[in-house]
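J.: Next comes input00.txt, compact mmCIF, C-alpha atoms:
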# COMPACT_ATOMS: atom_id res chain seq x y z
CA MET A 26 0.00 0.00 0.00
CA SER A 27 1.53 3.34 -1.10
CA LYS A 28 1.77 6.22 1.31
CA ASN A 29 -0.85 8.17 -0.65
CA ASN A 30 -3.37 5.34 -0.20
CA GLU A 31 -2.67 5.03 3.53
CA VAL A 32 -4.13 8.38 4.56
CA LYS A 33 -6.93 10.76 3.59
CA PHE A 34 -7.20 14.47 4.34
CA GLN A 35 -10.22 16.74 4.13
CA GLN A 36 -9.58 20.47 4.31
CA GLU A 37 -11.94 23.06 5.80
CA LYS A 38 -11.41 26.82 5.96
CA LEU A 39 -12.00 28.40 9.38
CA ASP A 40 -12.33 31.99 10.59
CA GLY A 41 -9.24 33.85 11.79
CA SER A 42 -7.04 32.69 8.91
CA LYS A 43 -7.02 29.08 10.10
CA ILE A 44 -7.77 25.73 8.45
CA LYS A 45 -8.91 22.38 9.78
CA LEU A 46 -7.53 19.15 8.34
CA GLU A 47 -9.50 15.99 9.02
CA MET A 48 -6.94 13.18 8.82
CA VAL A 49 -7.87 9.49 8.62
CA LEU A 50 -4.98 7.00 8.68
CA LYS A 51 -5.75 3.39 7.83
CA ALA A 52 -5.36 0.89 10.67
CA GLU A 53 -2.64 -1.09 8.87
CA ALA A 54 -0.42 1.99 8.43
CA PHE A 55 -1.12 3.12 12.02
CA ASP A 56 -0.13 -0.35 13.28
CA LYS A 57 3.20 -0.19 11.40
CA ILE A 58 4.05 3.13 13.05
CA ILE A 59 3.21 1.78 16.52
CA LYS A 60 5.33 -1.34 15.99
CA LYS A 61 8.24 0.72 14.69
CA LEU A 62 7.96 2.90 17.76
CA ALA A 63 7.81 -0.16 19.99
CA LYS A 64 11.01 -1.49 18.39
CA HIS A 65 12.68 1.83 19.15
CA PHE A 66 11.63 1.51 22.80
CA ALA A 67 12.95 -2.06 22.92
CA GLU A 68 16.33 -1.00 21.51
CA ASN A 69 16.70 1.63 24.20
CA THR A 70 15.16 -0.16 27.17
CA LYS A 71 16.63 -3.14 29.06
CA MET A 72 14.16 -6.00 29.61
CA ASP A 73 14.96 -9.00 31.75
CA GLY A 74 15.59 -12.15 29.74
CA PHE A 75 15.94 -10.41 26.39
CA ARG A 76 18.69 -8.66 24.52
CA LYS A 77 18.04 -5.06 23.53
CA GLY A 78 15.68 -4.91 20.56
CA LYS A 79 14.67 -8.60 20.82
CA ALA A 80 11.74 -8.41 23.26
CA PRO A 81 8.32 -9.44 21.81
CA PHE A 82 5.76 -6.75 21.01
CA ASP A 83 3.29 -7.80 23.73
CA LEU A 84 5.98 -7.46 26.41
CA ILE A 85 7.01 -4.04 25.07
CA LYS A 86 3.38 -2.94 25.10
CA LYS A 87 3.01 -4.07 28.70
CA THR A 88 6.31 -2.51 29.80
CA VAL A 89 5.82 0.85 28.08
CA GLY A 90 2.10 1.01 28.70
CA GLU A 91 -0.63 0.51 26.09
CA ASP A 92 -2.00 4.04 26.37
CA LYS A 93 1.42 5.66 26.15
CA LEU A 94 2.42 3.58 23.13
CA LEU A 95 -0.89 4.37 21.41
CA GLN A 96 -0.64 8.10 22.17
CA GLU A 97 2.97 8.43 21.03
CA GLY A 98 2.24 6.38 17.93
CA ALA A 99 -0.65 8.69 17.05
CA GLU A 100 1.50 11.80 17.52
CA GLU A 101 4.26 10.28 15.38
CA ALA A 102 1.72 9.43 12.66
CA VAL A 103 0.43 13.01 12.57
CA LYS A 104 3.98 14.34 12.44
CA GLN A 105 4.81 12.21 9.40
CA TYR A 106 1.65 12.50 7.33
CA TYR A 107 0.72 16.08 8.25
CA VAL A 108 4.11 17.46 7.18
CA ASP A 109 4.01 15.54 3.88
CA TYR A 110 0.50 16.83 3.15
CA VAL A 111 1.31 20.47 3.98
CA ILE A 112 4.36 20.38 1.68
CA LYS A 113 2.49 18.62 -1.13
CA GLU A 114 -0.50 20.98 -1.02
CA LYS A 115 1.74 24.05 -0.52
CA ILE A 116 -0.14 25.09 2.60
CA GLU A 117 1.54 28.12 4.20
CA ALA A 118 1.10 26.94 7.79
CA ILE A 119 2.19 29.14 10.72
CA GLY A 120 3.12 27.89 14.17
CA GLN A 121 2.34 24.58 15.86
CA PRO A 122 -0.87 22.74 14.87
CA GLU A 123 -3.57 21.95 17.45
CA LEU A 124 -4.49 18.24 17.54
CA LYS A 125 -7.79 16.69 18.52
CA PHE A 126 -7.79 12.86 18.40
CA LYS A 127 -11.31 11.68 17.58
CA LYS A 128 -10.54 7.97 17.25
CA MET A 129 -7.40 6.30 18.59
CA ALA A 130 -7.70 2.57 19.33
CA TRP A 131 -5.85 -0.68 18.67
CA GLY A 132 -6.65 -2.21 15.28
CA ASN A 133 -8.66 0.83 14.14
CA ASP A 134 -8.16 3.72 11.75
CA LEU A 135 -6.63 6.79 13.40
CA GLU A 136 -8.90 9.84 13.11
CA VAL A 137 -7.64 13.29 14.09
CA ASP A 138 -8.61 16.91 13.50
CA ILE A 139 -5.68 19.24 12.95
CA GLU A 140 -6.19 23.00 13.23
CA VAL A 141 -3.41 25.33 12.13
CA ALA A 142 -3.01 29.03 11.30
CA VAL A 143 -2.06 29.92 7.74
CA LEU A 144 -0.71 33.03 6.07
CA PRO A 145 -3.68 35.37 5.62
CA GLU A 146 -5.30 35.99 2.27
CA VAL A 147 -4.81 39.61 1.28
CA GLU A 148 -7.49 41.54 -0.61
CA LEU A 149 -6.19 44.85 -1.98
CA ASN A 150 -8.11 48.00 -2.82
CA LYS A 151 -9.58 47.79 -6.35
CA ASN A 152 -7.70 50.94 -7.41
CA TRP A 153 -4.32 49.93 -5.94
CA LYS A 154 -2.55 49.83 -9.31
CA GLU A 155 -3.61 53.39 -10.16
CA GLU A 156 -2.59 54.64 -6.71
CA VAL A 157 0.84 52.99 -6.95
CA ALA A 158 1.32 54.44 -10.46
CA LYS A 159 0.65 57.96 -9.07
CA ILE A 160 3.28 57.48 -6.36
CA ASN A 161 5.83 56.13 -8.86
CA LYS A 162 5.20 59.08 -11.20
CA LYS A 163 5.73 61.56 -8.34
CA PHE A 164 9.03 59.98 -7.32
CA ASP A 165 10.27 59.61 -10.90
CA LYS A 166 10.27 63.41 -11.14
CA LYS A 167 12.60 63.80 -8.15
CA GLU A 168 16.11 64.88 -9.16
CA VAL A 169 19.07 63.94 -6.99
CA LYS A 170 21.65 66.69 -6.48
CA VAL A 171 24.78 66.83 -4.34
CA GLU A 172 25.84 70.31 -3.22
CA LYS A 173 29.45 71.39 -2.84
CA LYS A 174 29.01 72.10 0.88
CA GLU A 175 28.04 68.43 1.38
CA ILE A 176 31.25 67.30 -0.32
CA ASP A 177 33.27 69.80 1.73
CA ARG A 178 31.70 68.46 4.93
CA GLU A 179 32.80 64.91 4.07
CA LEU A 180 36.31 66.13 3.17
CA GLU A 181 36.51 67.93 6.52
CA ALA A 182 35.52 64.69 8.32
CA LEU A 183 38.31 62.84 6.46
CA ALA A 184 40.80 65.54 7.44
CA LYS A 185 39.75 65.33 11.10
CA GLN A 186 40.39 61.58 11.05
CA ARG A 187 43.98 62.29 9.96
CA ALA A 188 44.63 65.24 12.26
CA LYS A 189 48.05 65.50 13.92
CA ILE A 190 47.50 65.56 17.70
CA SER A 191 50.03 66.90 20.21
CA THR A 192 49.77 67.67 23.94
CA VAL A 193 50.10 71.38 24.79
CA ASP A 194 50.66 73.29 28.04
CA ARG A 195 48.07 76.04 27.63
CA PRO A 196 44.39 76.74 28.32
CA ALA A 197 41.98 74.76 26.16
CA LYS A 198 40.32 76.49 23.23
CA LYS A 199 37.71 75.63 20.63
CA GLY A 200 38.90 72.84 18.33
CA ASP A 201 41.19 71.26 20.93
CA GLN A 202 40.90 67.60 21.88
CA VAL A 203 40.67 67.28 25.67
CA GLN A 204 40.50 64.50 28.21
CA VAL A 205 38.34 65.08 31.30
CA ASP A 206 36.92 63.44 34.40
CA PHE A 207 33.41 64.65 35.21
CA GLU A 208 30.52 64.09 37.60
CA ALA A 209 26.97 65.40 37.28
CA TYR A 210 25.13 66.18 40.52
CA LYS A 211 21.52 66.93 41.36
CA ASP A 212 20.63 67.73 44.98
CA LYS A 213 24.24 66.79 45.86
CA VAL A 214 23.76 63.24 44.54
CA VAL A 215 25.69 61.92 41.51
CA LEU A 216 23.27 61.00 38.72
CA GLU A 217 23.12 57.41 37.51
CA GLY A 218 25.41 57.23 34.47
CA GLY A 219 26.37 60.86 35.13
CA SER A 220 30.11 60.37 35.62
CA ALA A 221 33.12 59.34 33.54
CA LYS A 222 36.89 59.02 33.79
CA ASP A 223 39.38 59.99 31.06
CA HIS A 224 36.59 60.98 28.68
CA THR A 225 37.87 62.33 25.35
CA LEU A 226 36.02 64.99 23.35
CA VAL A 227 36.67 67.80 20.87
CA ILE A 228 35.57 71.23 22.06
CA GLY A 229 33.07 72.68 19.61
CA GLU A 230 31.70 69.46 18.10
CA GLY A 231 28.59 69.70 20.28
CA ARG A 232 28.59 66.12 21.56
CA PHE A 233 27.46 67.19 25.07
CA ILE A 234 24.48 69.21 26.25
CA PRO A 235 24.63 72.93 25.29
CA GLY A 236 27.09 74.87 27.41
CA PHE A 237 29.23 71.95 28.62
CA GLU A 238 31.98 72.29 26.03
CA ASP A 239 31.96 76.11 26.30
CA ASN A 240 32.80 75.78 30.01
CA LEU A 241 35.93 73.77 29.16
CA ILE A 242 37.41 76.67 27.18
CA GLY A 243 40.18 78.31 29.22
CA MET A 244 40.81 75.32 31.50
CA LYS A 245 44.37 73.95 31.82
CA ALA A 246 45.53 70.44 32.73
CA SER A 247 44.82 69.55 36.42
CA GLU A 248 42.34 72.42 36.77
CA VAL A 249 38.96 71.67 38.45
CA LYS A 250 35.80 73.58 37.65
CA GLU A 251 32.15 73.45 38.76
CA PHE A 252 29.28 74.93 36.77
CA GLU A 253 25.50 74.60 36.50
CA LEU A 254 23.62 73.75 33.30
CA SER A 255 20.05 72.90 32.34
CA PHE A 256 19.32 69.83 30.24
CA PRO A 257 17.31 70.53 27.06
CA LYS A 258 13.52 70.18 27.45
CA ASP A 259 13.50 67.53 24.70
CA TYR A 260 16.38 65.52 26.23
CA HIS A 261 16.02 61.77 25.56
CA ALA A 262 16.21 60.88 29.27
CA LYS A 263 12.83 62.23 30.38
CA HIS A 264 13.76 62.40 34.08
CA LEU A 265 16.54 64.90 33.20
CA ALA A 266 14.71 66.94 30.55
CA GLY A 267 14.67 70.62 31.57
CA GLN A 268 16.42 69.88 34.90
CA LYS A 269 19.29 71.95 36.35
CA VAL A 270 22.41 69.91 37.10
CA THR A 271 25.79 70.79 38.62
CA PHE A 272 28.87 69.49 36.80
CA LYS A 273 32.29 69.04 38.41
CA VAL A 274 35.01 68.69 35.75
CA THR A 275 38.73 67.92 36.09
CA MET A 276 40.82 68.74 33.02
CA LYS A 277 43.27 65.85 32.50
CA ASN A 278 44.91 66.74 29.21
CA VAL A 279 44.76 69.40 26.47
CA GLN A 280 45.79 68.43 22.93
CA GLN A 281 46.13 70.56 19.84
CA ARG A 282 44.76 69.22 16.56
CA GLU A 283 46.47 70.18 13.30
CA LEU A 284 44.36 69.32 10.27
CA PRO A 285 46.15 68.37 7.04
CA GLU A 286 45.84 70.65 4.03
CA LEU A 287 43.28 69.44 1.51
CA ASN A 288 45.38 68.96 -1.64
CA ASP A 289 46.59 66.22 -3.99
CA GLU A 290 49.15 64.99 -1.44
CA PHE A 291 46.35 64.52 1.08
CA ALA A 292 44.39 62.57 -1.55
CA LYS A 293 47.32 60.23 -2.23
CA GLY A 294 47.56 59.49 1.49
CA ILE A 295 43.95 58.28 1.56
CA GLY A 296 44.61 55.31 -0.72
CA LYS A 297 43.80 54.68 -4.38
CA PHE A 298 43.26 58.36 -5.26
CA LYS A 299 45.75 60.42 -7.29
CA SER A 300 44.21 63.86 -6.78
CA LEU A 301 41.80 65.82 -4.63
CA LYS A 302 39.36 65.96 -7.54
CA GLU A 303 39.20 62.16 -7.60
CA ILE A 304 38.23 62.08 -3.90
CA GLU A 305 35.63 64.79 -4.45
CA LYS A 306 34.14 62.80 -7.36
CA ASN A 307 34.13 59.62 -5.24
CA ILE A 308 32.39 61.44 -2.37
CA GLU A 309 29.85 62.98 -4.76
CA ASP A 310 29.03 59.56 -6.26
CA GLY A 311 28.67 58.01 -2.79
CA LEU A 312 26.39 60.80 -1.52
CA LYS A 313 24.29 60.54 -4.69
CA GLN A 314 23.85 56.80 -4.23
CA GLU A 315 22.84 57.33 -0.58
CA LYS A 316 20.25 59.93 -1.58
CA GLU A 317 18.88 57.72 -4.37
CA LYS A 318 18.63 54.82 -1.92
CA LYS A 319 16.84 57.03 0.60
CA ILE A 320 14.36 58.21 -2.05
CA LYS A 321 13.76 54.61 -3.15
CA GLN A 322 13.10 53.56 0.46
CA GLU A 323 10.70 56.49 0.90
CA GLN A 324 8.94 55.49 -2.33
CA HIS A 325 8.56 51.88 -1.16
CA LEU A 326 7.23 53.08 2.21
CA LYS A 327 4.62 55.30 0.54
CA ILE A 328 3.50 52.38 -1.64
CA ILE A 329 3.23 50.05 1.35
CA GLU A 330 1.25 52.67 3.31
CA LYS A 331 -1.14 53.11 0.37
CA LEU A 332 -1.60 49.34 -0.03
CA ILE A 333 -2.18 48.84 3.71
CA ASP A 334 -4.70 51.70 3.76
CA GLY A 335 -7.24 49.72 1.73
CA VAL A 336 -6.25 46.14 2.49
CA LYS A 337 -8.62 43.50 3.87
CA MET A 338 -7.14 40.53 5.69
CA GLU A 339 -7.60 38.32 8.73
CA ILE A 340 -4.46 38.26 10.87
CA PRO A 341 -3.97 34.91 12.65
CA ALA A 342 -3.82 35.12 16.44
CA VAL A 343 -0.50 33.23 16.39
CA LEU A 344 1.16 36.12 14.52
CA ILE A 345 -0.22 38.67 17.00
CA ASP A 346 0.93 36.53 19.96
CA SER A 347 4.36 36.12 18.37
CA GLU A 348 4.72 39.89 17.89
CA ILE A 349 3.66 40.55 21.49
CA GLU A 350 6.21 38.02 22.74
CA LYS A 351 8.91 39.63 20.57
CA MET A 352 8.07 43.11 21.92
CA ASN A 353 8.16 41.82 25.49
CA MET A 354 11.59 40.25 24.94
CA GLU A 355 12.93 43.47 23.40
CA LEU A 356 11.60 45.48 26.36
CA GLU A 357 13.16 43.08 28.87
CA ASN A 358 16.53 43.24 27.05
CA GLN A 359 16.46 47.05 27.05
CA LEU A 360 15.58 47.13 30.75
CA SER A 361 18.33 44.61 31.52
CA GLN A 362 20.89 46.90 29.83
CA MET A 363 19.64 49.73 32.06
CA GLY A 364 19.98 47.54 35.17
CA LEU A 365 16.21 47.23 35.67
CA ASN A 366 13.72 44.38 35.66
CA LYS A 367 10.21 44.42 34.22
CA GLU A 368 8.46 44.51 37.62
CA THR A 369 10.40 47.61 38.72
CA TYR A 370 9.76 49.31 35.37
CA LEU A 371 6.00 48.70 35.57
CA GLN A 372 5.91 50.08 39.11
For the structure just supplied, provide its representation as structure tokens.

T.:
Amino acid sequence: MSKNNEVKFQQEKLDGSKIKLEMVLKAEAFDKIIKKLAKHFAENTKMDGFRKGKAPFDLIKKTVGEDKLLQEGAEEAVKQYYVDYVIKEKIEAIGQPELKFKKMAWGNDLEVDIEVAVLPEVELNKNWKEEVAKINKKFDKKEVKVEKKEIDRELEALAKQRAKISTVDRPAKKGDQVQVDFEAYKDKVVLEGGSAKDHTLVIGEGRFIPGFEDNLIGMKASEVKEFELSFPKDYHAKHLAGQKVTFKVTMKNVQQRELPELNDEFAKGIGKFKSLKEIEKNIEDGLKQEKEKKIKQEQHLKIIEKLIDGVKMEIPAVLIDSEIEKMNMELENQLSQMGLNKETYLQ
């Protein structure tokens, strides 16, 4: 008896993007699976008076337990035939199937209902092609330009990466690279994450809250200074937004940065380039590609938003549950990095 003749499936569409498969496996095929399973048990279980794998079926059934052998045989049967059927019929199943055994007895056909979520059927707005064409036409008209100031900004960043740095014995000024220890206080208590040792920054790059770098100008190595600043009202850490904080800073080191001259010699030092014009052309091409990619991504997003706006579909509960679980895990990971647990956060 071929495998196709051993089992029958009937398919029924259910609400919530699910299907039910009624599976009937002929008794002969079910019996083969149970006996194969029993042999596996015998090979891995020691039975008095018999070598491994040589015990008779009735003894195995008694030792393992009739109900257990029947149940595990039924589950193994579903695993084998269900997977084959889903692949053959190209059913886009999602998650683990739910099993309901309707008939499971020795010498009888195995009957089981299998419910499983499937990828939802998507029904788009009738005018979706026209709407997408409008979006494409709008974006096709967009011209990508790279301005000279953008190229100059990238060249300046390259020059900064190759700056000559030397320690100087003078007060710090704008453009200097400095190394500082600092502590941020509020109500005479150091803020969590509000201190650092040997922190390096360039005065004038604006990497700290407004006013911090300005207060470093004029400080010499070993000098200590205290000053008060207010965090911006839109600061990412909400508990600090708009709050006044006292900073205590120790200047550890002041270094002068000498930027290389932007010329052909500079270009040759970068790598494969022979002239400054070659670098400028390379930067222009790279910026243009980035802008084109950004426009293409924006175009795709607009199309997706338009398609979603008029779409009709049933989302399976398993996908919603999976997304909730994923969001919970991401939240717990973020809280863990902050030294918090979920219970404390919720409180």

J.: May I ask for the distance between atom CA of Pro196 of chain A and atom CA of Asp239 of chain A, given in Å to one decimal place?

T.: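 Separation between atom CA of Pro196 of chain A and atom CA of Asp239 of chain A: 12.6 Å.
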
J.: Residues near Lys185 of chain A, anyone? I mean within 10 Å using all atoms listed in the file, not counting same-chain ones fewer than 5 positions away, as an NGL selection string.

T.: :A and (179-180 or 282-285)

J.: Measure the distance from atom CA of Val274 of chain A to atom CA of Met363 of chain A in Å and round it to one decimal.

T.: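 One can read the atom CA of Val274 of chain A to atom CA of Met363 of chain A distance as 24.7 Å.
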
J.: A:Lys245, A:His261, A:Lys154, A:Lys250: which is nearest Asn278 of chain A, counting only C-alpha atoms?

T.: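 Closest candidate: A:Lys245.
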
J.: Using Å and a single decimal, report how far atom CA of Val205 of chain A sits from atom CA of Lys277 of chain A.

T.: 5.1 Å

J.: Report as a tab-separated table: every residue of segment 107-143 of chain A with an atom at most 12 Å from segment 56-67 of chain A, its closest pair of atoms, and their distance in Å to one decimal, counting all atoms listed in the file, with rows sorted by chain and ascending residue number.

T.:
residue	atom	partner	partner_atom	distance
A:Met129	CA	A:Asp56	CA	11.2
A:Ala130	CA	A:Asp56	CA	10.1
A:Trp131	CA	A:Asp56	CA	7.9
A:Gly132	CA	A:Asp56	CA	7.1
A:Asn133	CA	A:Asp56	CA	8.7
A:Asp134	CA	A:Asp56	CA	9.1
A:Leu135	CA	A:Asp56	CA	9.7

J.: What does the file look like for those residues with C-alpha atoms, as a PDB file, in the frame of the given file?

T.:
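Below is the file that was written, part_28.pdb:
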ATOM      1  CA  MET A 129      -7.400   6.300  18.590  1.00  0.00           C
ATOM      2  CA  ALA A 130      -7.700   2.570  19.330  1.00  0.00           C
ATOM      3  CA  TRP A 131      -5.850  -0.680  18.670  1.00  0.00           C
ATOM      4  CA  GLY A 132      -6.650  -2.210  15.280  1.00  0.00           C
ATOM      5  CA  ASN A 133      -8.660   0.830  14.140  1.00  0.00           C
ATOM      6  CA  ASP A 134      -8.160   3.720  11.750  1.00  0.00           C
ATOM      7  CA  LEU A 135      -6.630   6.790  13.400  1.00  0.00           C
TER       8      LEU A 135
END

J.: Measuring atom to atom with all atoms listed in the file, identify which of A:Leu226, A:Val343, A:Val203, A:Val143 is nearest to Gly243 of chain A.

T.: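 Among the listed residues, the smallest separation from Gly243 of chain A belongs to A:Val203.
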
J.: Determine, using all atoms listed in the file, which residues of segment 130-201 of chain A have any atom at most 9 Å from an atom of segment 305-311 of chain A, and tabulate each with its shortest atom pair and distance in Å to one decimal place, rows ordered by chain and then rising number, as CSV.

T.:
residue,atom,partner,partner_atom,distance
A:Val171,CA,A:Glu309,CA,6.4
A:Glu172,CA,A:Glu309,CA,8.5
A:Lys173,CA,A:Glu309,CA,8.6
A:Glu175,CA,A:Glu309,CA,8.4
A:Ile176,CA,A:Ile308,CA,6.3
A:Asp177,CA,A:Glu305,CA,8.3
A:Glu179,CA,A:Ile308,CA,7.3
A:Leu180,CA,A:Glu305,CA,7.8

J.: Give me the residues within 12 Å of His264 of chain A as a list in words, counting all atoms listed in the file and dropping any in the same chain fewer than 5 places off.

T.: Lys211, Leu216, Glu217, Phe256, Pro257, Lys258, Asp259, Lys269 and Val270 of chain A

J.: Generate the output file for the selected residues, C-alpha atoms, as a CSV table (one decimal), in the frame of the given file.

T.:
chain,number,residue,atom,x,y,z
A,211,LYS,CA,21.5,66.9,41.4
A,216,LEU,CA,23.3,61.0,38.7
A,217,GLU,CA,23.1,57.4,37.5
A,256,PHE,CA,19.3,69.8,30.2
A,257,PRO,CA,17.3,70.5,27.1
A,258,LYS,CA,13.5,70.2,27.4
A,259,ASP,CA,13.5,67.5,24.7
A,269,LYS,CA,19.3,72.0,36.4
A,270,VAL,CA,22.4,69.9,37.1

J.: Write out as number ranges by chain each polymer residue whose atoms come within 12 Å of Phe233 of chain A, counting all atoms listed in the file; drop sequence neighbours fewer than 4 positions from it.

T.: A: 219, 224-229, 237-241, 254-257, 260

J.: Segment 103-166 of chain A near segment 42-54 of chain A within 12 Å: what's each residue's closest atom pair and its distance in Å to one decimal, counting only C-alpha atoms, ordered by chain then ascending residue number, as JSON lines?

T.:
{"residue": "A:Val103", "atom": "CA", "partner": "A:Met48", "partner_atom": "CA", "distance": 8.3}
{"residue": "A:Lys104", "atom": "CA", "partner": "A:Met48", "partner_atom": "CA", "distance": 11.6}
{"residue": "A:Gln105", "atom": "CA", "partner": "A:Leu50", "partner_atom": "CA", "distance": 11.1}
{"residue": "A:Tyr106", "atom": "CA", "partner": "A:Leu50", "partner_atom": "CA", "distance": 8.7}
{"residue": "A:Tyr107", "atom": "CA", "partner": "A:Met48", "partner_atom": "CA", "distance": 8.2}
{"residue": "A:Val108", "atom": "CA", "partner": "A:Leu46", "partner_atom": "CA", "distance": 11.8}
{"residue": "A:Tyr110", "atom": "CA", "partner": "A:Leu46", "partner_atom": "CA", "distance": 9.8}
{"residue": "A:Val111", "atom": "CA", "partner": "A:Leu46", "partner_atom": "CA", "distance": 9.9}
{"residue": "A:Glu114", "atom": "CA", "partner": "A:Leu46", "partner_atom": "CA", "distance": 11.8}
{"residue": "A:Ile116", "atom": "CA", "partner": "A:Ile44", "partner_atom": "CA", "distance": 9.6}
{"residue": "A:Glu117", "atom": "CA", "partner": "A:Lys43", "partner_atom": "CA", "distance": 10.4}
{"residue": "A:Ala118", "atom": "CA", "partner": "A:Lys43", "partner_atom": "CA", "distance": 8.7}
{"residue": "A:Ile119", "atom": "CA", "partner": "A:Lys43", "partner_atom": "CA", "distance": 9.2}
{"residue": "A:Gly120", "atom": "CA", "partner": "A:Lys43", "partner_atom": "CA", "distance": 11.0}
{"residue": "A:Gln121", "atom": "CA", "partner": "A:Lys43", "partner_atom": "CA", "distance": 11.9}
{"residue": "A:Pro122", "atom": "CA", "partner": "A:Lys45", "partner_atom": "CA", "distance": 9.5}
{"residue": "A:Glu123", "atom": "CA", "partner": "A:Lys45", "partner_atom": "CA", "distance": 9.4}
{"residue": "A:Leu124", "atom": "CA", "partner": "A:Leu46", "partner_atom": "CA", "distance": 9.7}
{"residue": "A:Lys125", "atom": "CA", "partner": "A:Glu47", "partner_atom": "CA", "distance": 9.7}
{"residue": "A:Phe126", "atom": "CA", "partner": "A:Met48", "partner_atom": "CA", "distance": 9.6}
{"residue": "A:Lys127", "atom": "CA", "partner": "A:Glu47", "partner_atom": "CA", "distance": 9.8}
{"residue": "A:Lys128", "atom": "CA", "partner": "A:Val49", "partner_atom": "CA", "distance": 9.2}
{"residue": "A:Met129", "atom": "CA", "partner": "A:Ala52", "partner_atom": "CA", "distance": 9.8}
{"residue": "A:Ala130", "atom": "CA", "partner": "A:Ala52", "partner_atom": "CA", "distance": 9.1}
{"residue": "A:Trp131", "atom": "CA", "partner": "A:Ala52", "partner_atom": "CA", "distance": 8.2}
{"residue": "A:Gly132", "atom": "CA", "partner": "A:Ala52", "partner_atom": "CA", "distance": 5.7}
{"residue": "A:Asn133", "atom": "CA", "partner": "A:Ala52", "partner_atom": "CA", "distance": 4.8}
{"residue": "A:Asp134", "atom": "CA", "partner": "A:Ala52", "partner_atom": "CA", "distance": 4.1}
{"residue": "A:Leu135", "atom": "CA", "partner": "A:Leu50", "partner_atom": "CA", "distance": 5.0}
{"residue": "A:Glu136", "atom": "CA", "partner": "A:Val49", "partner_atom": "CA", "distance": 4.6}
{"residue": "A:Val137", "atom": "CA", "partner": "A:Met48", "partner_atom": "CA", "distance": 5.3}
{"residue": "A:Asp138", "atom": "CA", "partner": "A:Glu47", "partner_atom": "CA", "distance": 4.7}
{"residue": "A:Ile139", "atom": "CA", "partner": "A:Leu46", "partner_atom": "CA", "distance": 5.0}
{"residue": "A:Glu140", "atom": "CA", "partner": "A:Lys45", "partner_atom": "CA", "distance": 4.4}
{"residue": "A:Val141", "atom": "CA", "partner": "A:Lys43", "partner_atom": "CA", "distance": 5.6}
{"residue": "A:Ala142", "atom": "CA", "partner": "A:Lys43", "partner_atom": "CA", "distance": 4.2}
{"residue": "A:Val143", "atom": "CA", "partner": "A:Lys43", "partner_atom": "CA", "distance": 5.6}
{"residue": "A:Leu144", "atom": "CA", "partner": "A:Ser42", "partner_atom": "CA", "distance": 6.9}
{"residue": "A:Pro145", "atom": "CA", "partner": "A:Ser42", "partner_atom": "CA", "distance": 5.4}
{"residue": "A:Glu146", "atom": "CA", "partner": "A:Ser42", "partner_atom": "CA", "distance": 7.6}
{"residue": "A:Val147", "atom": "CA", "partner": "A:Ser42", "partner_atom": "CA", "distance": 10.5}

J.: If we count all atoms listed in the file and set the cut-off at 8 Å, which residues sit around Ile160 of chain A, ignoring sequence neighbours fewer than 6 positions away in its own chain? Please answer as an mmCIF file with C-alpha atoms, in the frame of the given file.

T.:
data_model
loop_
_atom_site.group_PDB
_atom_site.id
_atom_site.type_symbol
_atom_site.label_atom_id
_atom_site.label_comp_id
_atom_site.auth_asym_id
_atom_site.auth_seq_id
_atom_site.Cartn_x
_atom_site.Cartn_y
_atom_site.Cartn_z
ATOM 1 C CA GLN A 324 8.940 55.490 -2.330
ATOM 2 C CA LYS A 327 4.620 55.300 0.540
ATOM 3 C CA ILE A 328 3.500 52.380 -1.640
#
